[in-house]
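Next comes input.pdb, a file with PDB, C-alpha atoms.
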```
MODEL        1
ATOM      1  CA  MET T 294      -5.044 -28.681   7.395  1.00  0.00           C
ATOM      2  CA  ASN T 295      -3.808 -25.162   8.137  1.00  0.00           C
ATOM      3  CA  TYR T 296      -5.930 -22.371   9.603  1.00  0.00           C
ATOM      4  CA  PHE T 297      -6.519 -20.708   6.243  1.00  0.00           C
ATOM      5  CA  GLU T 298      -7.739 -23.959   4.703  1.00  0.00           C
ATOM      6  CA  LEU T 299      -9.951 -24.609   7.730  1.00  0.00           C
ATOM      7  CA  PHE T 300     -11.621 -21.209   7.279  1.00  0.00           C
ATOM      8  CA  GLU T 301     -11.567 -21.547   3.467  1.00  0.00           C
ATOM      9  CA  ILE T 302      -9.747 -18.232   2.994  1.00  0.00           C
ATOM     10  CA  PRO T 303      -6.569 -17.429   1.069  1.00  0.00           C
ATOM     11  CA  VAL T 304      -3.223 -17.428   2.885  1.00  0.00           C
ATOM     12  CA  SER T 305      -2.640 -13.821   3.894  1.00  0.00           C
ATOM     13  CA  PHE T 306      -0.901 -11.498   6.319  1.00  0.00           C
ATOM     14  CA  LYS T 307      -4.133  -9.536   6.711  1.00  0.00           C
ATOM     15  CA  VAL T 308      -7.483 -11.259   7.192  1.00  0.00           C
ATOM     16  CA  ASP T 309     -10.967  -9.805   6.632  1.00  0.00           C
ATOM     17  CA  LYS T 310     -12.267  -9.747  10.202  1.00  0.00           C
ATOM     18  CA  GLY T 311     -15.945  -9.508   9.246  1.00  0.00           C
ATOM     19  CA  GLY T 312     -15.879 -12.546   7.020  1.00  0.00           C
ATOM     20  CA  LEU T 313     -13.747 -14.364   9.559  1.00  0.00           C
ATOM     21  CA  ALA T 314     -16.327 -13.979  12.317  1.00  0.00           C
ATOM     22  CA  GLN T 315     -19.125 -15.272  10.073  1.00  0.00           C
ATOM     23  CA  LYS T 316     -17.066 -18.304   9.071  1.00  0.00           C
ATOM     24  CA  TYR T 317     -16.114 -18.939  12.714  1.00  0.00           C
ATOM     25  CA  PHE T 318     -19.737 -19.115  13.828  1.00  0.00           C
ATOM     26  CA  ALA T 319     -20.603 -21.425  10.929  1.00  0.00           C
ATOM     27  CA  LEU T 320     -17.693 -23.749  11.766  1.00  0.00           C
ATOM     28  CA  GLN T 321     -18.534 -23.686  15.482  1.00  0.00           C
ATOM     29  CA  LYS T 322     -22.057 -24.754  14.644  1.00  0.00           C
ATOM     30  CA  LYS T 323     -20.830 -27.456  12.249  1.00  0.00           C
ATOM     31  CA  TYR T 324     -18.291 -28.933  14.688  1.00  0.00           C
ATOM     32  CA  HIS T 325     -19.973 -28.331  18.039  1.00  0.00           C
ATOM     33  CA  PRO T 326     -19.480 -31.476  20.147  1.00  0.00           C
ATOM     34  CA  ASP T 327     -23.076 -31.325  21.462  1.00  0.00           C
ATOM     35  CA  PHE T 328     -24.321 -32.273  17.990  1.00  0.00           C
ATOM     36  CA  PHE T 329     -22.275 -35.485  18.029  1.00  0.00           C
ATOM     37  CA  THR T 330     -23.235 -37.039  21.364  1.00  0.00           C
ATOM     38  CA  GLN T 331     -24.850 -40.010  19.586  1.00  0.00           C
ATOM     39  CA  SER T 332     -21.812 -40.583  17.323  1.00  0.00           C
ATOM     40  CA  GLY T 333     -19.064 -43.116  17.890  1.00  0.00           C
ATOM     41  CA  GLU T 334     -15.988 -42.352  19.972  1.00  0.00           C
ATOM     42  CA  ASP T 335     -13.754 -41.824  16.937  1.00  0.00           C
ATOM     43  CA  GLU T 336     -16.118 -39.310  15.364  1.00  0.00           C
ATOM     44  CA  GLN T 337     -16.568 -37.525  18.704  1.00  0.00           C
ATOM     45  CA  ALA T 338     -12.798 -37.275  19.129  1.00  0.00           C
ATOM     46  CA  GLU T 339     -12.417 -35.957  15.562  1.00  0.00           C
ATOM     47  CA  VAL T 340     -15.139 -33.337  16.073  1.00  0.00           C
ATOM     48  CA  LEU T 341     -13.616 -32.262  19.381  1.00  0.00           C
ATOM     49  CA  GLU T 342     -10.246 -31.860  17.658  1.00  0.00           C
ATOM     50  CA  LYS T 343     -11.780 -29.809  14.838  1.00  0.00           C
ATOM     51  CA  SER T 344     -13.729 -27.656  17.281  1.00  0.00           C
ATOM     52  CA  SER T 345     -10.510 -26.956  19.157  1.00  0.00           C
ATOM     53  CA  ALA T 346      -8.682 -26.168  15.882  1.00  0.00           C
ATOM     54  CA  VAL T 347     -11.467 -23.749  14.903  1.00  0.00           C
ATOM     55  CA  ASN T 348     -11.071 -21.895  18.216  1.00  0.00           C
ATOM     56  CA  LYS T 349      -7.267 -21.726  17.921  1.00  0.00           C
ATOM     57  CA  ALA T 350      -7.452 -20.624  14.295  1.00  0.00           C
ATOM     58  CA  PHE T 351      -9.967 -17.902  15.075  1.00  0.00           C
ATOM     59  CA  LYS T 352      -7.823 -16.587  17.929  1.00  0.00           C
ATOM     60  CA  VAL T 353      -4.766 -16.406  15.657  1.00  0.00           C
ATOM     61  CA  LEU T 354      -6.486 -15.048  12.555  1.00  0.00           C
ATOM     62  CA  GLN T 355      -8.280 -12.231  14.355  1.00  0.00           C
ATOM     63  CA  ASN T 356      -4.953 -10.922  15.743  1.00  0.00           C
ATOM     64  CA  HIS T 357      -2.856  -9.074  13.158  1.00  0.00           C
ATOM     65  CA  ASP T 358       0.537  -9.899  14.724  1.00  0.00           C
ATOM     66  CA  GLU T 359      -0.368 -13.545  15.315  1.00  0.00           C
ATOM     67  CA  THR T 360      -1.561 -13.874  11.704  1.00  0.00           C
ATOM     68  CA  ILE T 361       1.783 -12.548  10.453  1.00  0.00           C
ATOM     69  CA  LYS T 362       3.623 -14.970  12.740  1.00  0.00           C
ATOM     70  CA  TYR T 363       1.462 -17.916  11.645  1.00  0.00           C
ATOM     71  CA  THR T 364       1.845 -17.107   7.948  1.00  0.00           C
ATOM     72  CA  LEU T 365       5.627 -16.814   8.254  1.00  0.00           C
ATOM     73  CA  GLN T 366       5.712 -20.132  10.132  1.00  0.00           C
ATOM     74  CA  LEU T 367       3.490 -21.728   7.504  1.00  0.00           C
ATOM     75  CA  LYS T 368       5.949 -20.608   4.822  1.00  0.00           C
ATOM     76  CA  GLY T 369       8.902 -21.997   6.794  1.00  0.00           C
ATOM     77  CA  LEU T 370      10.405 -18.552   7.377  1.00  0.00           C
ATOM     78  CA  LEU T 371       9.906 -18.367  11.144  1.00  0.00           C
ATOM     79  CA  GLN T 372      10.656 -20.939  13.792  1.00  0.00           C
ATOM     80  CA  GLU T 373       9.081 -21.073  17.247  1.00  0.00           C
ATOM     81  CA  GLU T 374      11.396 -19.389  19.788  1.00  0.00           C
ATOM     82  CA  GLU T 375      13.670 -18.207  16.962  1.00  0.00           C
ATOM     83  CA  LYS T 376      16.485 -15.859  17.998  1.00  0.00           C
ATOM     84  CA  TYR T 377      16.387 -13.156  15.352  1.00  0.00           C
ATOM     85  CA  GLN T 378      19.180 -10.594  15.102  1.00  0.00           C
ATOM     86  CA  LEU T 379      17.792  -7.085  14.713  1.00  0.00           C
ATOM     87  CA  PRO T 380      19.952  -4.138  13.577  1.00  0.00           C
ATOM     88  CA  PRO T 381      21.992  -2.629  16.441  1.00  0.00           C
ATOM     89  CA  ALA T 382      20.677   0.892  15.699  1.00  0.00           C
ATOM     90  CA  PHE T 383      17.099  -0.266  16.290  1.00  0.00           C
ATOM     91  CA  LEU T 384      18.070  -2.102  19.478  1.00  0.00           C
ATOM     92  CA  MET T 385      19.843   1.001  20.775  1.00  0.00           C
ATOM     93  CA  GLU T 386      16.780   3.132  20.063  1.00  0.00           C
ATOM     94  CA  VAL T 387      14.564   0.661  21.918  1.00  0.00           C
ATOM     95  CA  MET T 388      17.024   0.517  24.817  1.00  0.00           C
ATOM     96  CA  ASP T 389      17.050   4.329  25.087  1.00  0.00           C
ATOM     97  CA  ILE T 390      13.250   4.412  25.115  1.00  0.00           C
ATOM     98  CA  ASN T 391      13.150   1.690  27.788  1.00  0.00           C
ATOM     99  CA  GLU T 392      15.627   3.534  30.035  1.00  0.00           C
ATOM    100  CA  ALA T 393      13.735   6.801  29.773  1.00  0.00           C
ATOM    101  CA  LEU T 394      10.468   4.948  30.315  1.00  0.00           C
ATOM    102  CA  MET T 395      11.780   3.360  33.509  1.00  0.00           C
ATOM    103  CA  ASP T 396      12.777   6.809  34.799  1.00  0.00           C
ATOM    104  CA  ALA T 397       9.307   8.172  34.023  1.00  0.00           C
ATOM    105  CA  LYS T 398       7.718   5.201  35.814  1.00  0.00           C
ATOM    106  CA  MET T 399       9.920   5.716  38.886  1.00  0.00           C
ATOM    107  CA  GLU T 400       8.842   9.352  38.964  1.00  0.00           C
ATOM    108  CA  ASP T 401       5.228   8.311  38.239  1.00  0.00           C
ATOM    109  CA  ASP T 402       5.185  11.021  35.564  1.00  0.00           C
ATOM    110  CA  GLN T 403       1.967  10.329  33.641  1.00  0.00           C
ATOM    111  CA  GLU T 404       2.663  13.101  31.138  1.00  0.00           C
ATOM    112  CA  LYS T 405       6.055  11.607  30.218  1.00  0.00           C
ATOM    113  CA  LEU T 406       4.509   8.140  30.019  1.00  0.00           C
ATOM    114  CA  ALA T 407       1.914   9.446  27.572  1.00  0.00           C
ATOM    115  CA  GLU T 408       4.705  11.049  25.517  1.00  0.00           C
ATOM    116  CA  PHE T 409       6.606   7.755  25.420  1.00  0.00           C
ATOM    117  CA  LYS T 410       3.491   5.915  24.330  1.00  0.00           C
ATOM    118  CA  GLN T 411       3.117   8.380  21.444  1.00  0.00           C
ATOM    119  CA  GLN T 412       6.807   7.984  20.593  1.00  0.00           C
ATOM    120  CA  VAL T 413       6.475   4.191  20.476  1.00  0.00           C
ATOM    121  CA  LEU T 414       3.281   4.377  18.394  1.00  0.00           C
ATOM    122  CA  SER T 415       5.052   6.729  16.005  1.00  0.00           C
ATOM    123  CA  LEU T 416       7.969   4.312  15.733  1.00  0.00           C
ATOM    124  CA  GLU T 417       5.492   1.507  15.127  1.00  0.00           C
ATOM    125  CA  ASN T 418       4.015   3.441  12.179  1.00  0.00           C
ATOM    126  CA  GLU T 419       7.528   4.154  10.909  1.00  0.00           C
ATOM    127  CA  ILE T 420       8.501   0.473  10.819  1.00  0.00           C
ATOM    128  CA  TYR T 421       5.163  -0.520   9.254  1.00  0.00           C
ATOM    129  CA  GLU T 422       5.400   1.892   6.326  1.00  0.00           C
ATOM    130  CA  PRO T 423       8.076  -0.052   4.342  1.00  0.00           C
ATOM    131  CA  VAL T 424       6.093  -3.324   4.571  1.00  0.00           C
ATOM    132  CA  LYS T 425       2.567  -1.934   4.366  1.00  0.00           C
ATOM    133  CA  GLU T 426       2.137  -2.763   0.664  1.00  0.00           C
ATOM    134  CA  ILE T 427       3.612  -6.247   1.114  1.00  0.00           C
ATOM    135  CA  ILE T 428       1.308  -7.072   4.035  1.00  0.00           C
ATOM    136  CA  GLU T 429      -1.829  -5.617   2.500  1.00  0.00           C
ATOM    137  CA  ASN T 430      -1.256  -7.064  -0.996  1.00  0.00           C
ATOM    138  CA  PHE T 431       0.309 -10.445  -0.144  1.00  0.00           C
ATOM    139  CA  LYS T 432      -0.511 -13.129  -2.682  1.00  0.00           C
ATOM    140  CA  ASP T 433       0.446 -16.690  -1.848  1.00  0.00           C
ATOM    141  CA  GLY T 434       2.787 -18.034  -4.497  1.00  0.00           C
ATOM    142  CA  ILE T 435       3.351 -14.586  -6.019  1.00  0.00           C
ATOM    143  CA  SER T 436       4.924 -12.580  -3.196  1.00  0.00           C
ATOM    144  CA  THR T 437       8.667 -13.155  -3.095  1.00  0.00           C
ATOM    145  CA  LYS T 438      10.729 -14.673  -0.320  1.00  0.00           C
ATOM    146  CA  GLU T 439      12.572 -11.350  -0.035  1.00  0.00           C
ATOM    147  CA  GLU T 440       9.281  -9.544   0.601  1.00  0.00           C
ATOM    148  CA  MET T 441       8.292 -12.093   3.232  1.00  0.00           C
ATOM    149  CA  LEU T 442      11.692 -11.697   4.931  1.00  0.00           C
ATOM    150  CA  GLN T 443      11.015  -7.947   5.146  1.00  0.00           C
ATOM    151  CA  VAL T 444       7.750  -8.777   6.918  1.00  0.00           C
ATOM    152  CA  LYS T 445       9.692 -11.081   9.250  1.00  0.00           C
ATOM    153  CA  GLU T 446      12.012  -8.194  10.186  1.00  0.00           C
ATOM    154  CA  TYR T 447       8.957  -6.015  10.809  1.00  0.00           C
ATOM    155  CA  TYR T 448       7.394  -8.745  12.960  1.00  0.00           C
ATOM    156  CA  PHE T 449      10.420  -8.934  15.271  1.00  0.00           C
ATOM    157  CA  ARG T 450      10.745  -5.161  15.535  1.00  0.00           C
ATOM    158  CA  LYS T 451       7.072  -4.877  16.406  1.00  0.00           C
ATOM    159  CA  LYS T 452       7.443  -7.519  19.134  1.00  0.00           C
ATOM    160  CA  TYR T 453       9.935  -5.210  20.873  1.00  0.00           C
ATOM    161  CA  LEU T 454       7.597  -2.263  20.577  1.00  0.00           C
ATOM    162  CA  ASN T 455       4.637  -4.298  21.857  1.00  0.00           C
ATOM    163  CA  ARG T 456       6.633  -5.167  24.982  1.00  0.00           C
ATOM    164  CA  ILE T 457       7.333  -1.486  25.590  1.00  0.00           C
ATOM    165  CA  LEU T 458       3.659  -0.589  25.097  1.00  0.00           C
ATOM    166  CA  ALA T 459       2.645  -3.351  27.504  1.00  0.00           C
ATOM    167  CA  GLY T 460       5.025  -1.824  30.057  1.00  0.00           C
ATOM    168  CA  ILE T 461       3.453   1.597  29.646  1.00  0.00           C
ATOM    169  CA  ASP T 462      -0.117   0.352  30.034  1.00  0.00           C
TER     170      ASP T 462
ENDMDL
END
```
Go through the file and emit its structure as C-alpha cells.
Amino acid sequence: MNYFELFEIPVSFKVDKGGLAQKYFALQKKYHPDFFTQSGEDEQAEVLEKSSAVNKAFKVLQNHDETIKYTLQLKGLLQEEEKYQLPPAFLMEVMDINEALMDAKMEDDQEKLAEFKQQVLSLENEIYEPVKEIIENFKDGISTKEEMLQVKEYYFRKKYLNRILAGID
C-alpha cells in the first residue's frame, strides 16, 4: 500500500495539507499501538508497522519536495540516489552563485547574503513557473510521462537551490 492509498487521497504532486492533517490524526487513533495491547503478537506487529507507515507517509506528504520525489518514485521515474544530469548552463549559474556566496560568507556581509537569498528565491520561482500547471493539476493516469519528466527536472534543480538556501541560513 502506498502513502496515497494509506491516506485515501489521489496520487498527486500537491497534497491538501488541511485534509492531510485530519486524516493523519484519524489514522493515528485507528492504529495506535496502545489500543492493541490485548491483541496477539501478529496483530500487534501489524499495527505497529501501520502506525510507523502512517508517520512516514505524513512526514513525506506534508513536505512539497518530498511529495514530488515520492510521486516520481511511485511512477518509476526516479530512483533513490539517482545521478541526474542537469543542463550545464544551470550548473554554471549555481556554481557562480555558490562562489559569490562563499565570498560573502568569508566577509560576513549580511547584506550580500540577503541579496543572494533573494536571488536564489527568484531563481526558484523561475524554475517553478514552467511546471506550475503540471504540479498543481496532476491527474494520475492522465498526465503524460513527458510532463512528469519535466517535474523530475524541476525536482533536481530545486535540490541544488535548497542546498544553497541551507548554506545561507
Which residues of segment 429-458 of chain T come within 8 Å of segment 361-378 of chain T, and what is each one's closest atom pair and distance in Å (one decimal), counting all atoms listed in the file, sorted by chain and residue number, as a Markdown table?
```
| residue | atom | partner | partner_atom | distance |
| --- | --- | --- | --- | --- |
| T:Met441 | CA | T:Leu365 | CA | 7.4 |
| T:Leu442 | CA | T:Leu370 | CA | 7.4 |
| T:Val444 | CA | T:Ile361 | CA | 7.9 |
| T:Lys445 | CA | T:Leu365 | CA | 7.1 |
| T:Tyr448 | CA | T:Ile361 | CA | 7.2 |
| T:Phe449 | CA | T:Tyr377 | CA | 7.3 |
```
> Do you know which residues the PyMOL selection byres ((chain T and resi 390) around 12) returns on this file, as a PyMOL selection string?
Replying inline: chain T and resi 383-389+391-397+405-406+408-413+416+453-454+456-458+460-461
> What residues come out when you apply the PyMOL selection byres ((chain T and resi 297) around 12) to this file, written as a ChimeraX atom specification?
Replying inline: /T:294-296,298-309,313,316-317,346-347,349-351,353-355,360,363-364,367,433
>> Please compute the atom CA of Leu320 of chain T-atom CA of Asn430 of chain T distance, one decimal, in Å.
In response: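 We find that atom CA of Leu320 of chain T and atom CA of Asn430 of chain T lie 26.7 Å from each other.
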> With all atoms listed in the file as the basis for distance, which of T:Arg450, T:Asp462, T:Ser332, T:Glu440 is at the shortest distance from Lys398 of chain T?
Replying inline: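 So, comparing all the options, the nearest one is T:Asp462.
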>> Please report the interatomic distance between atom CA of Asn348 of chain T and atom CA of Glu426 of chain T in Å with one decimal.
In response: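 It comes out at 29.1 Å.
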> What is the atom CA of Gln321 of chain T-atom CA of Val340 of chain T distance in Å, reported with one decimal?
Replying inline: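 We find that atom CA of Gln321 of chain T and atom CA of Val340 of chain T lie 10.2 Å from each other.
If you measure from each of T:Glu359, T:Tyr447, T:Gln337, T:Gln315 to Lys425 of chain T using only C-alpha atoms, the closest one turns out to be T:Tyr447.
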Write a file for segment 413-433 of chain T of the given structure; include N, CA and C atoms and format it as an mmCIF file, in the first residue's frame.
```cif
data_model
loop_
_atom_site.group_PDB
_atom_site.id
_atom_site.type_symbol
_atom_site.label_atom_id
_atom_site.label_comp_id
_atom_site.auth_asym_id
_atom_site.auth_seq_id
_atom_site.Cartn_x
_atom_site.Cartn_y
_atom_site.Cartn_z
ATOM 1 N N VAL T 413 18.399 33.536 -5.119
ATOM 2 C CA VAL T 413 18.079 32.106 -5.171
ATOM 3 C C VAL T 413 16.563 31.897 -5.149
ATOM 4 N N LEU T 414 15.857 32.647 -4.322
ATOM 5 C CA LEU T 414 14.392 32.523 -4.275
ATOM 6 C C LEU T 414 13.772 32.939 -5.605
ATOM 7 N N SER T 415 14.341 33.932 -6.235
ATOM 8 C CA SER T 415 13.870 34.360 -7.550
ATOM 9 C C SER T 415 14.110 33.261 -8.590
ATOM 10 N N LEU T 416 15.267 32.648 -8.530
ATOM 11 C CA LEU T 416 15.588 31.549 -9.440
ATOM 12 C C LEU T 416 14.654 30.366 -9.191
ATOM 13 N N GLU T 417 14.342 30.135 -7.940
ATOM 14 C CA GLU T 417 13.415 29.065 -7.574
ATOM 15 C C GLU T 417 12.044 29.308 -8.224
ATOM 16 N N ASN T 418 11.558 30.538 -8.151
ATOM 17 C CA ASN T 418 10.281 30.882 -8.796
ATOM 18 C C ASN T 418 10.372 30.715 -10.303
ATOM 19 N N GLU T 419 11.511 31.078 -10.861
ATOM 20 C CA GLU T 419 11.726 30.975 -12.313
ATOM 21 C C GLU T 419 11.676 29.526 -12.786
ATOM 22 N N ILE T 420 12.260 28.609 -12.026
ATOM 23 C CA ILE T 420 12.243 27.205 -12.458
ATOM 24 C C ILE T 420 10.893 26.541 -12.169
ATOM 25 N N TYR T 421 10.126 27.096 -11.239
ATOM 26 C CA TYR T 421 8.817 26.530 -10.913
ATOM 27 C C TYR T 421 7.768 26.891 -11.968
ATOM 28 N N GLU T 422 7.885 28.073 -12.522
ATOM 29 C CA GLU T 422 6.864 28.584 -13.446
ATOM 30 C C GLU T 422 6.517 27.611 -14.588
ATOM 31 N N PRO T 423 7.515 27.012 -15.286
ATOM 32 C CA PRO T 423 7.164 26.103 -16.383
ATOM 33 C C PRO T 423 6.437 24.819 -15.964
ATOM 34 N N VAL T 424 6.576 24.419 -14.692
ATOM 35 C CA VAL T 424 5.931 23.174 -14.239
ATOM 36 C C VAL T 424 4.768 23.420 -13.290
ATOM 37 N N LYS T 425 4.485 24.663 -13.014
ATOM 38 C CA LYS T 425 3.430 25.009 -12.053
ATOM 39 C C LYS T 425 2.094 24.343 -12.410
ATOM 40 N N GLU T 426 1.673 24.475 -13.643
ATOM 41 C CA GLU T 426 0.391 23.884 -14.072
ATOM 42 C C GLU T 426 0.406 22.361 -13.960
ATOM 43 N N ILE T 427 1.541 21.752 -14.321
ATOM 44 C CA ILE T 427 1.648 20.293 -14.254
ATOM 45 C C ILE T 427 1.527 19.829 -12.805
ATOM 46 N N ILE T 428 2.241 20.478 -11.919
ATOM 47 C CA ILE T 428 2.234 20.086 -10.494
ATOM 48 C C ILE T 428 0.863 20.319 -9.868
ATOM 49 N N GLU T 429 0.277 21.465 -10.133
ATOM 50 C CA GLU T 429 -0.985 21.801 -9.488
ATOM 51 C C GLU T 429 -2.190 21.073 -10.080
ATOM 52 N N ASN T 430 -2.072 20.603 -11.339
ATOM 53 C CA ASN T 430 -3.208 19.949 -11.993
ATOM 54 C C ASN T 430 -2.930 18.492 -12.352
ATOM 55 N N PHE T 431 -1.950 17.874 -11.704
ATOM 56 C CA PHE T 431 -1.592 16.485 -11.989
ATOM 57 C C PHE T 431 -2.791 15.567 -11.781
ATOM 58 N N LYS T 432 -3.014 14.717 -12.744
ATOM 59 C CA LYS T 432 -4.071 13.702 -12.635
ATOM 60 C C LYS T 432 -3.443 12.351 -12.969
ATOM 61 N N ASP T 433 -3.460 11.468 -11.993
ATOM 62 C CA ASP T 433 -2.882 10.143 -12.172
ATOM 63 C C ASP T 433 -3.562 9.433 -13.339
#
```
